[in-house]
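Shown next: run28.cif, containing mmCIF, C-alpha atoms.
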data_structure
#
loop_
_atom_site.group_PDB
_atom_site.id
_atom_site.type_symbol
_atom_site.label_atom_id
_atom_site.label_comp_id
_atom_site.auth_asym_id
_atom_site.auth_seq_id
_atom_site.Cartn_x
_atom_site.Cartn_y
_atom_site.Cartn_z
ATOM 1 C CA MET A 1 104.648 94.768 100.634
ATOM 2 C CA PHE A 2 103.547 95.735 104.157
ATOM 3 C CA LYS A 3 100.406 94.888 106.108
ATOM 4 C CA VAL A 4 98.537 96.504 108.992
ATOM 5 C CA GLY A 5 99.941 95.373 112.344
ATOM 6 C CA GLN A 6 103.357 94.563 110.887
ATOM 7 C CA GLU A 7 106.413 95.845 112.716
ATOM 8 C CA VAL A 8 108.862 97.858 110.629
ATOM 9 C CA VAL A 9 112.171 99.629 111.187
ATOM 10 C CA CYS A 10 112.867 103.178 110.012
ATOM 11 C CA VAL A 11 115.843 103.203 107.632
ATOM 12 C CA ASN A 12 115.665 106.804 106.385
ATOM 13 C CA ASN A 13 114.389 109.981 107.998
ATOM 14 C CA THR A 14 116.349 112.417 105.827
ATOM 15 C CA PRO A 15 114.147 115.105 104.241
ATOM 16 C CA LYS A 16 114.280 115.330 100.442
ATOM 17 C CA ASP A 17 113.323 118.999 100.506
ATOM 18 C CA ASN A 18 113.522 121.957 102.884
ATOM 19 C CA ARG A 19 109.804 122.408 103.491
ATOM 20 C CA PRO A 20 109.226 122.948 107.229
ATOM 21 C CA GLU A 21 106.366 120.408 107.339
ATOM 22 C CA THR A 22 108.627 117.718 105.837
ATOM 23 C CA ILE A 23 111.425 118.435 108.293
ATOM 24 C CA ILE A 24 109.026 118.416 111.262
ATOM 25 C CA ALA A 25 107.222 115.220 110.208
ATOM 26 C CA LEU A 26 110.450 113.306 109.507
ATOM 27 C CA GLY A 27 111.942 114.611 112.744
ATOM 28 C CA LEU A 28 109.397 112.448 114.560
ATOM 29 C CA LEU A 29 111.064 109.321 113.133
ATOM 30 C CA LYS A 30 114.281 107.785 114.434
ATOM 31 C CA VAL A 31 116.453 105.625 112.198
ATOM 32 C CA GLY A 32 116.706 102.128 113.663
ATOM 33 C CA GLN A 33 113.517 102.555 115.728
ATOM 34 C CA THR A 34 110.788 99.925 115.457
ATOM 35 C CA TYR A 35 107.230 101.012 114.579
ATOM 36 C CA THR A 36 103.891 99.260 114.016
ATOM 37 C CA ILE A 37 101.824 99.926 110.904
ATOM 38 C CA ARG A 38 98.367 101.262 111.763
ATOM 39 C CA GLU A 39 97.176 101.991 108.242
ATOM 40 C CA ILE A 40 98.366 101.721 104.631
ATOM 41 C CA SER A 41 97.425 104.062 101.799
ATOM 42 C CA ASP A 42 95.261 102.663 99.029
ATOM 43 C CA ASP A 43 98.207 102.647 96.616
ATOM 44 C CA GLY A 44 100.542 101.079 99.222
ATOM 45 C CA LEU A 45 103.080 103.887 98.901
ATOM 46 C CA ALA A 46 102.529 105.380 102.359
ATOM 47 C CA ILE A 47 102.074 103.977 105.848
ATOM 48 C CA ILE A 48 100.655 105.456 109.026
ATOM 49 C CA LEU A 49 102.304 104.372 112.254
ATOM 50 C CA GLU A 50 100.788 103.380 115.576
ATOM 51 C CA GLU A 51 103.529 105.095 117.590
ATOM 52 C CA VAL A 52 103.664 108.398 115.663
ATOM 53 C CA ILE A 53 100.764 110.763 115.079
ATOM 54 C CA SER A 54 101.547 112.950 112.087
ATOM 55 C CA PRO A 55 100.785 116.615 112.719
ATOM 56 C CA TYR A 56 99.600 116.993 109.114
ATOM 57 C CA ILE A 57 96.245 116.204 107.513
ATOM 58 C CA ASN A 58 95.728 115.796 103.747
ATOM 59 C CA ARG A 59 93.027 117.560 101.736
ATOM 60 C CA LEU A 60 90.589 114.713 102.494
ATOM 61 C CA GLY A 61 91.012 115.229 106.234
ATOM 62 C CA ARG A 62 93.104 112.090 106.756
ATOM 63 C CA GLU A 63 96.363 111.853 108.648
ATOM 64 C CA MET A 64 99.301 111.957 106.260
ATOM 65 C CA GLY A 65 101.563 108.933 106.305
ATOM 66 C CA TYR A 66 105.223 108.318 105.627
ATOM 67 C CA LYS A 67 106.629 106.901 102.400
ATOM 68 C CA ALA A 68 106.826 103.148 102.773
ATOM 69 C CA ASP A 69 110.345 103.080 101.329
ATOM 70 C CA ARG A 70 111.591 104.805 104.477
ATOM 71 C CA PHE A 71 111.021 101.503 106.321
ATOM 72 C CA ARG A 72 111.971 97.844 106.129
ATOM 73 C CA PRO A 73 110.204 94.890 107.718
ATOM 74 C CA LEU A 74 111.482 93.979 111.156
ATOM 75 C CA ASP A 75 113.525 90.787 110.985
ATOM 76 C CA TRP A 76 113.357 89.449 114.550
ATOM 77 C CA ASN A 77 116.429 87.240 114.113
ATOM 78 C CA LYS A 78 118.509 90.110 112.754
ATOM 79 C CA TRP A 79 117.154 92.477 115.393
ATOM 80 C CA ALA A 80 117.982 90.073 118.230
ATOM 81 C CA GLY A 81 121.480 89.583 116.829
ATOM 82 C CA GLU A 82 122.034 93.338 116.620
ATOM 83 C CA VAL A 83 120.817 93.856 120.182
ATOM 84 C CA LEU A 84 123.027 91.066 121.533
ATOM 85 C CA GLU A 85 126.020 92.425 119.617
ATOM 86 C CA LYS A 86 125.455 95.904 121.048
ATOM 87 C CA ILE A 87 125.149 94.515 124.579
ATOM 88 C CA ALA A 88 128.370 92.531 124.129
ATOM 89 C CA GLU A 89 130.185 95.666 122.907
ATOM 90 C CA GLU A 90 128.935 97.682 125.886
ATOM 91 C CA ILE A 91 130.029 94.971 128.330
ATOM 92 C CA GLU A 92 133.444 94.774 126.679
ATOM 93 C CA GLU A 93 133.877 98.554 126.885
ATOM 94 C CA GLU A 94 132.812 98.509 130.518
ATOM 95 C CA LEU A 95 135.284 95.734 131.334
ATOM 96 C CA LEU A 96 138.095 97.630 129.612
ATOM 97 C CA VAL A 97 137.339 100.741 131.634
ATOM 98 C CA GLU A 98 137.126 98.850 134.936
ATOM 99 C CA SER A 99 140.140 96.530 134.478
ATOM 100 C CA PRO A 100 143.244 97.611 136.375
ATOM 101 C CA LYS A 101 146.275 98.502 134.305
ATOM 102 C CA LYS A 102 149.323 96.284 134.718
ATOM 103 C CA ASN A 103 152.816 97.764 134.737
#

What's the C-alpha coordinates form of this structure?
Amino acid sequence: MFKVGQEVVCVNNTPKDNRPETIIALGLLKVGQTYTIREISDDGLAIILEEVISPYINRLGREMGYKADRFRPLDWNKWAGEVLEKIAEEIEEELLVESPKKN
(Lines of atoms letter the chains of each structure in order from A and count residues from 1; the text may use other names and numbers.)
(Lines give C-alpha, C1' and ligand atoms only; values in the text may rest on other atoms or scores of the structure.)
Protein backbone atom coordinates (compact mmCIF):
# COMPACT_ATOMS: atom_id res chain seq x y z
CA MET A 1 0.00 0.00 0.00
CA PHE A 2 2.66 2.54 1.03
CA LYS A 3 6.28 2.91 -0.02
CA VAL A 4 9.37 4.48 1.54
CA GLY A 5 9.60 8.19 0.72
CA GLN A 6 5.85 8.52 0.17
CA GLU A 7 4.07 11.42 1.83
CA VAL A 8 1.07 10.50 3.97
CA VAL A 9 -1.49 12.35 6.08
CA CYS A 10 -2.42 11.31 9.62
CA VAL A 11 -6.15 10.55 9.81
CA ASN A 12 -6.34 9.05 13.31
CA ASN A 13 -4.26 9.62 16.43
CA THR A 14 -6.84 8.37 18.93
CA PRO A 15 -5.45 5.73 21.31
CA LYS A 16 -7.30 2.40 21.37
CA ASP A 17 -6.19 1.70 24.92
CA ASN A 18 -5.09 3.64 28.00
CA ARG A 19 -1.49 2.45 28.12
CA PRO A 20 0.78 5.45 28.78
CA GLU A 21 3.20 4.47 25.98
CA THR A 22 0.34 4.40 23.45
CA ILE A 23 -0.96 7.79 24.56
CA ILE A 24 2.53 9.33 24.45
CA ALA A 25 3.43 7.86 21.05
CA LEU A 26 0.13 8.87 19.42
CA GLY A 27 0.38 12.31 21.02
CA LEU A 28 3.34 12.95 18.72
CA LEU A 29 1.00 12.72 15.70
CA LYS A 30 -1.34 15.47 14.55
CA VAL A 31 -4.43 14.66 12.50
CA GLY A 32 -4.21 16.38 9.12
CA GLN A 33 -0.41 16.73 9.34
CA THR A 34 1.72 15.48 6.45
CA TYR A 35 4.53 12.99 7.14
CA THR A 36 7.12 11.12 5.04
CA ILE A 37 7.56 7.37 5.36
CA ARG A 38 11.10 6.44 6.39
CA GLU A 39 10.58 2.71 6.83
CA ILE A 40 7.85 0.08 6.50
CA SER A 41 7.53 -3.07 8.60
CA ASP A 42 8.08 -6.38 6.86
CA ASP A 43 4.36 -7.18 7.01
CA GLY A 44 3.39 -3.67 5.81
CA LEU A 45 1.17 -3.05 8.83
CA ALA A 46 3.35 -0.37 10.43
CA ILE A 47 5.27 2.64 9.16
CA ILE A 48 8.08 4.68 10.65
CA LEU A 49 8.04 8.39 9.89
CA GLU A 50 10.85 10.73 8.92
CA GLU A 51 9.46 13.61 10.99
CA VAL A 52 8.66 11.68 14.19
CA ILE A 53 11.11 9.63 16.23
CA SER A 54 9.18 7.14 18.33
CA PRO A 55 10.38 7.04 21.93
CA TYR A 56 9.79 3.27 22.02
CA ILE A 57 11.98 0.39 20.83
CA ASN A 58 10.67 -3.14 20.19
CA ARG A 59 12.25 -6.31 21.58
CA LEU A 60 14.58 -6.49 18.55
CA GLY A 61 15.96 -3.03 19.29
CA ARG A 62 14.15 -1.34 16.40
CA GLU A 63 12.12 1.84 16.57
CA MET A 64 8.42 1.05 16.84
CA GLY A 65 6.25 2.38 14.06
CA TYR A 66 2.65 3.50 13.77
CA LYS A 67 -0.17 1.40 12.34
CA ALA A 68 -0.41 2.15 8.65
CA ASP A 69 -4.19 2.48 8.85
CA ARG A 70 -3.74 5.68 10.84
CA PHE A 71 -2.59 7.35 7.59
CA ARG A 72 -3.76 7.93 4.04
CA PRO A 73 -1.65 8.79 1.01
CA LEU A 74 -1.26 12.50 0.39
CA ASP A 75 -3.35 13.56 -2.59
CA TRP A 76 -1.64 16.76 -3.76
CA ASN A 77 -4.70 17.96 -5.68
CA LYS A 78 -6.99 17.45 -2.69
CA TRP A 79 -4.42 18.97 -0.34
CA ALA A 80 -4.00 22.07 -2.52
CA GLY A 81 -7.78 22.46 -2.73
CA GLU A 82 -8.12 22.20 1.05
CA VAL A 83 -5.37 24.76 1.62
CA LEU A 84 -6.89 27.20 -0.88
CA GLU A 85 -10.33 26.75 0.67
CA LYS A 86 -8.95 27.45 4.14
CA ILE A 87 -7.14 30.57 2.91
CA ALA A 88 -10.33 31.81 1.22
CA GLU A 89 -12.30 31.27 4.46
CA GLU A 90 -9.69 33.17 6.49
CA ILE A 91 -9.71 36.07 4.02
CA GLU A 92 -13.50 36.17 4.07
CA GLU A 93 -13.55 36.22 7.88
CA GLU A 94 -10.94 38.96 7.91
CA LEU A 95 -12.93 41.05 5.43
CA LEU A 96 -16.09 40.64 7.50
CA VAL A 97 -14.29 41.81 10.62
CA GLU A 98 -12.70 44.81 8.88
CA SER A 99 -15.73 45.98 6.85
CA PRO A 100 -17.54 48.97 8.31
CA LYS A 101 -21.11 48.44 9.39
CA LYS A 102 -23.77 50.39 7.50
CA ASN A 103 -26.75 51.86 9.31

Exercise. Have a look at atom CA of A:Leu45 and atom CA of A:Gly65 and let me know their distance in Å, one decimal.
Key: 9.1 Å

Exercise. Give as a VMD selection string the residues that the PyMOL selection byres ((chain A and resi 22) around 12) matches when applied to the coordinates above.
Key: chain A and resid 13 to 21 23 to 29 54 to 56 64 to 67

Quiz item: Written as a list in words, what is the full residue list that the PyMOL selection byres ((chain A and resi 3) around 12) yields on the file shown?
Solution: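 On this input, the PyMOL selection byres ((chain A and resi 3) around 12) captures Met1, Phe2, Val4, Gly5, Gln6, Glu7, Val8, Thr36, Ile37, Arg38, Glu39, Ile40, Ser41, Asp42, Gly44, Leu45, Ala46, Ile47, Ile48, Leu49, Ala68, Arg72 and Pro73 of chain A.
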
Quiz item: Any idea what the distance is between atom CA of A:Arg70 and atom CA of A:Gln33?
Solution: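 Rounded to one decimal, the two atoms are 11.6 Å apart.
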
Quiz item: What is the distance between atom CA of A:Glu51 and atom CA of A:Ile87, in Å to one decimal?
Solution: 25.1 Å

Would you compute an axis-aligned box for stretch 74-83 of chain A, covering every atom listed for it in the file with 4 Å of margin on each side, and report centre and edge lengths in Å to one decimal as lines of an AutoDock Vina configuration file?
center_x = 116.8
center_y = 90.6
center_z = 115.6
size_x = 18.6
size_y = 14.7
size_z = 17.2

Quiz prompt | Hits of the PyMOL selection byres ((chain A and resi 10) around 6) in this structure, as a list in words | solution =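 That selection, the PyMOL selection byres ((chain A and resi 10) around 6), comes back as Val9, Val11, Asn12, Val31, Gly32, Gln33, Arg70 and Phe71 of chain A.
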